[in-house]
Each structure stands twice: as structure tokens, then as C-alpha cells.
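A short write-up of the structure that comes next.
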Amino acid sequence: MNDLLALPLSYLKPLGFLGELIIILLKIAVVFVVTLLHVAYATYWERKVIAHMQLRLGPREVGPFGLFQPFADGIKLFFKEDIIPATSDKPIFYLAPVIFFVSALTSLAVLPFFDGFVVADINIGLLFLLAMSSLGAYGIVMSGWSSGSKYSFLGGLRSASQVISYEIAMGLSLVGVMIMSGSLNLTEIVRSQHASPIGVFVVPQILGFFVFMVAMFAETNRLPFDLPEAESELVAGYFTEYSGFRFAMFFLGEYTGMLIMSSTATICFLGGWTLPGFVTNALPFLNIVPGIVWFLMKVYFFMFFYYWIRATLPRYRYDQLMAIGWKVLIPIALANIVITGTLKIMGWL
Amino acid sequence: MSMLPQLFFGYFAAAIILMSLLVITRKNPVHSVMWMLLLFFHIASMYLFLNAEFIAAIQVIVYAGAILVLFLFVVLLLNLKDELETDRFIGSWPAGLLVSVAIFVSLAAALKSLVLGQSGNFTVALVQKITHTKALGQILYTEYLFPFEIASLILLIAVIGAIVLAKKRMRSH
């Protein structure tokens, strides 16, 4: 429970310390490698899905069915020339992609992938996720400003106001989940969800789920809310001036962010690694399937949803984006808090 | 080994002072904001060190995630070329330094007669057991409900004030 707080204390135990450290390092290595592989194939899968939705074939030249395409892309990015604009602010230009990528990767530490497997099982897991996503905004704003280019700067400004606005809606939409589960610990949220009659929070928290889904697209700067990188107006937005591996860090960070948002939605609304009790009661053989399978299937569903929306909806105008955030999502989320709180006091939840 | 808490505190206290100095002495206001970001994270670590994990998270979300980004917004829209040529401090800064040193000396002198307050029901062990978020929520919404509501009312007035100011400007155009 108190891993984060127990960390200073664990130094006092000379025997157990080395073992604990090795376990934590191993867990970090596993999560890191698996996530980066997922990121690599999320790009491949996205290109395939969108290609088929547009009646094309997508990548198919590198390896069977184009399966080695992500590695070819990665190798190409590694060996590209790293160009630094003369008008850029060097220290911040170097720092910005690192902040963006690290804040995305750090969020992985608190996600419970299946029962008992989490790098840091802290009490404030949900708040930690929100804190890290607000840190990621700095990477975007600073990269936009430090590039010394108008397109980057406008992209950075757009992104800053977008991320701040939708962070409020996202935080408020999760309050209903906090009320229902009575905890901020992500493992506890999944457990209390499993213990609830329906087994998932998406049914009683349908309003919160809706707000979270919309805010999720805006927070990761994906279509239909990808105004910070709107290529028809801003070339590529905040990372226009980045090349080579610095560009790759933004790219990896964006896809890691999508995976984290999908995982958060899975954990908070779809029951994480568990299936609802009535399903496993009706079909008992499902109990032998390990929890990680259900977790990944739910995450893949959200990732597919990202691609589906990208292939379906056009980009919103900027004032429409702001109006949706402030005049629709925040009032709905506030109403959801009032409704959930009232039901909780009445004892119906 | 029991020196470790002191080492932790020593590092964070020294780093916070150093970063505060860096924030006010940088020529480039954007660099000041970046040092301030690091400063906020160190303050959050201090809260964590005091078993106040909820306040640590709120420190990062509210101060680093919202207030500092708004600072950054204003700073980014400044004309940086002019800003880099002006002096960091106004002419009367020695007077300000004198006042702050005087306050520091009097506070340091008063430290001798410091009396620790009565410790309440919430010991470190109890807070760790029921989690800090729950402890804070319980006490905030029962014992300190009235001051909490007054604070919310003050914030609400500030919000309404900002809207009224913005509306007035829109009408005059």
C-alpha cells in the first residue's frame, strides 16, 4: 500500500533492501519494454486500421504483412540528422521532448496491469496520473516556445489552453469514480468495482464515462481535437522544428499517452483486469483466463476507438473546442458529481 | 542509517532555497518559470516526506499544472527582446534586501522560544493506516467545515469578479 512512503523506511532494512530494489527494477524493465513494443505496434495497427477504413491496404512492404514497418521507421528516425534551429532557446529545446516523454512513461508506474502487478501501489494513484498529465503540457508548451518559429509557438499556445481546459473536465469526471469506490488507489478502484453489483462503473457512471472519453481525446491531442498540430494551418504545430530522435520522443510520448489514457479508462470504468461477477458466474470457464488478457483486450478496444474516431470525424474549430470543454463537459461532470454524491448519501450505491 | 531523514530534509531545504534564488535572478522569464516548476516539485516532495501525500499531489496538479502554466502563458506573450535588456531588479533592491534580512534575523531569534502545539488525534501511524486523503477529508468536512466554506466563498467571489471585469471590457468595445 504505502510503497512510496515505505521507500525511505526500506533503506533501514539492510537485508531486504537489495531484493526489493531488484524486484522493482525488474518490474520497471518489463513495463517499459512491453509498453514500447505496444507503442511500436500501435502505430502499425493505426496505419492498417485507417487504411482499411479508407479502402487502402496500408504498410505491407517490410516483412510479412508489413509487420516490421515500426522497426524500419524507428531505425530511420535514429539515423536522421538532428537539426537545431538557430533562433531556438537551446537548453529548453533539448529539455522539452524529455519532459514530454518522461511524464508519459512515469504514469506507467502506478497502473495496475493485473492483480498485484503494479510498480508503485500508491494511495493517490489517480491523482498521480492527473499530475503527470499536467506535467506533460510543459513539454508541449516549452517545445513550442523554444523552437523560435511561429507555427510551433501557435501550436504550443493552443495546446496549453486546450490541455488546461480539458484537464478540469477530466478530473471532475473521475470524481464520480472516486465517490463510488471510496479510494484513489487504482487497485482499490478495480477491487471495489468488481465487488459492485454490475461489476463495472461504466453503467452507473455513464455521464462521467462520456466526459472522460471526450476529454481523453483532447488531452492526447488526437483527432477531432488535434488543433495543436493541425497540419493544414500549423505545418505540424509544436514539434515542427524537431527532427530525428527528438521528434521520435514526441511521437513515442503521444502514443504512450494514448495507451495510458486507455488504461485509465479501463481501470476506472471497465473493471481493469476483472470481468463482472455475473459473467464469470454464467460462464465459469472464463475464470482460467489470466487477468492481463482482459486488461489488454479492453485497452485495445479504446485504442481502436481512437483510430475509428480519427478515420470518421473532421477536426473541430478552435472556438468550438473551447465551447465543448467549458460549456458542455464541465457542467455535465459537475452534475454527475451531484447525482453520484446524492445517490451515495441515500445509500443506493 | 538513522541520519537518512535529516539528509533528505537537508537536500530538499537547500535545493528549495537555491531554486528560489535562481527563479528571481534569471534574465529570461521563461527560464525562471522552469526553475519554479522544479521548485514546486521539490516542495511536493517535502509534503510527501511529511506523510501528506494528498497535499503533495494537489501541489503538483494545482500549482505546477494550472497556476504555473498560466504564468507561462503571460510570460510567453511578453516581448522577450525588451525583457532580456531590462534589469532584473529595480533600483531600490538594497532596501528590500535590508528588510528581508531584518525579518529573517528576528524570526531566527524568535526560534529559541518556539513552543510546539498540542498534538491531536492524528498520529503518523494513524494517518498511514487510514490514508492521508481520508484523514484530511474527515477533519476538513467536520471540524473545519466553516473555515473551509468561507475559503470557498472567497474564491467564488474572485471568480465572479474576474467575469464581471471581462464582461465590462466586452461591452465597451
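Chain labels run A, B, ... following the order of the C-alpha cells; each chain numbers its residues from 1, and ligands are numbered from 1 in the order shown.
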
Closest atom pairs, residues of chain B within 7 Å of chain A, only C-alpha atoms, as CSV:
```
residue,atom,partner,partner_atom,distance
B:Met1,CA,A:Leu12,CA,6.5
B:Phe54,CA,A:Ile124,CA,6.7
B:Ala57,CA,A:Leu127,CA,6.1
B:Val60,CA,A:Ala131,CA,5.8
B:Ile61,CA,A:Ala131,CA,4.8
B:Gly65,CA,A:Ser134,CA,4.8
B:Ala66,CA,A:Ile164,CA,6.7
```

If you run DSSP on the backbone, which residues of region 221-345 of chain A are alpha helix (DSSP H), as a ChimeraX atom specification? /A:231-234,244-269,277-282,291-312,318-323,330-345

Dump of C-alpha atoms for the selected residues, as a CSV table (one decimal), in the first residue's frame:
```
chain,number,residue,atom,x,y,z
A,231,GLU,CA,-1.2,20.3,-40.3
A,232,SER,CA,-3.3,22.4,-42.7
A,233,GLU,CA,-2.7,25.5,-40.6
A,234,LEU,CA,0.4,25.0,-38.5
A,244,GLY,CA,15.5,12.8,-35.7
A,245,PHE,CA,15.3,11.3,-32.3
A,246,ARG,CA,13.9,14.4,-30.6
A,247,PHE,CA,10.9,14.1,-32.9
A,248,ALA,CA,10.7,10.4,-32.1
A,249,MET,CA,10.4,11.3,-28.4
A,250,PHE,CA,7.3,13.4,-29.1
A,251,PHE,CA,5.9,10.6,-31.2
A,252,LEU,CA,6.5,7.9,-28.6
A,253,GLY,CA,5.2,10.2,-25.9
A,254,GLU,CA,2.0,10.7,-27.7
A,255,TYR,CA,1.3,7.0,-28.2
A,256,THR,CA,2.3,6.2,-24.7
A,257,GLY,CA,-0.1,8.9,-23.6
A,258,MET,CA,-2.9,7.3,-25.6
A,259,LEU,CA,-2.1,3.9,-24.0
A,260,ILE,CA,-2.1,5.4,-20.5
A,261,MET,CA,-5.5,7.2,-21.2
A,262,SER,CA,-6.9,3.9,-22.5
A,263,SER,CA,-5.6,2.1,-19.4
A,264,THR,CA,-7.0,4.7,-17.1
A,265,ALA,CA,-10.4,4.4,-18.8
A,266,THR,CA,-10.1,0.6,-18.5
A,267,ILE,CA,-9.2,0.7,-14.8
A,268,CYS,CA,-11.7,3.4,-13.7
A,269,PHE,CA,-14.8,2.4,-15.8
A,277,GLY,CA,-19.3,-11.2,-11.4
A,278,PHE,CA,-22.4,-12.2,-13.3
A,279,VAL,CA,-20.4,-13.0,-16.5
A,280,THR,CA,-18.0,-15.3,-14.7
A,281,ASN,CA,-20.9,-16.9,-12.8
A,282,ALA,CA,-22.7,-17.7,-16.0
A,291,GLY,CA,-6.5,-11.0,-15.9
A,292,ILE,CA,-3.9,-9.4,-18.1
A,293,VAL,CA,-5.8,-10.8,-21.2
A,294,TRP,CA,-9.0,-8.9,-20.2
A,295,PHE,CA,-7.0,-5.8,-19.3
A,296,LEU,CA,-5.2,-5.8,-22.7
A,297,MET,CA,-8.4,-6.5,-24.6
A,298,LYS,CA,-10.1,-3.5,-23.0
A,299,VAL,CA,-7.1,-1.3,-23.7
A,300,TYR,CA,-7.1,-2.4,-27.3
A,301,PHE,CA,-10.7,-1.6,-27.6
A,302,PHE,CA,-10.0,2.0,-26.6
A,303,MET,CA,-7.0,2.2,-28.9
A,304,PHE,CA,-9.2,1.0,-31.8
A,305,PHE,CA,-11.8,3.7,-30.8
A,306,TYR,CA,-9.0,6.3,-31.1
A,307,TYR,CA,-8.3,5.2,-34.7
A,308,TRP,CA,-12.0,4.8,-35.5
A,309,ILE,CA,-12.8,8.4,-34.5
A,310,ARG,CA,-9.7,9.6,-36.4
A,311,ALA,CA,-11.0,8.0,-39.6
A,312,THR,CA,-14.5,9.2,-39.0
A,318,TYR,CA,-10.8,26.2,-32.0
A,319,ASP,CA,-13.7,28.1,-30.5
A,320,GLN,CA,-15.9,25.0,-30.8
A,321,LEU,CA,-13.3,23.0,-28.9
A,322,MET,CA,-13.3,25.6,-26.1
A,323,ALA,CA,-17.1,25.8,-26.0
A,330,ILE,CA,-17.7,20.7,-17.2
A,331,PRO,CA,-21.4,21.2,-16.4
A,332,ILE,CA,-22.1,17.5,-17.2
A,333,ALA,CA,-19.2,16.4,-15.0
A,334,LEU,CA,-20.4,18.7,-12.1
A,335,ALA,CA,-24.0,17.4,-12.5
A,336,ASN,CA,-22.6,13.8,-12.4
A,337,ILE,CA,-20.8,14.6,-9.1
A,338,VAL,CA,-24.0,16.0,-7.5
A,339,ILE,CA,-26.0,13.0,-8.7
A,340,THR,CA,-23.5,10.4,-7.6
A,341,GLY,CA,-23.0,12.1,-4.2
A,342,THR,CA,-26.8,12.3,-3.6
A,343,LEU,CA,-27.2,8.6,-4.5
A,344,LYS,CA,-24.2,7.7,-2.2
A,345,ILE,CA,-25.8,9.6,0.7
```

Using only C-alpha atoms for the distances, tell me which of A:Phe93, A:Tyr151, A:Phe113, A:Tyr166 is nearest to Val34 (chain A).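 Going through A:Phe93, A:Tyr151, A:Phe113, A:Tyr166 one by one, the smallest distance to Val34 (chain A) is for A:Phe113.
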
At a cut-off of 7 Å, using only C-alpha atoms, what residues contact region 13-28 of chain B? Leave out same-chain residues fewer than 6 positions from it and give the result as a PyMOL selection string. chain B and resi 35-36+39+42+84+88

Which of A:Ala29, A:Val98, A:Val110, A:Val202 sits closest to Gly139 (chain A) [using only C-alpha atoms]: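 Closest residue, counting only C-alpha atoms: A:Val98.
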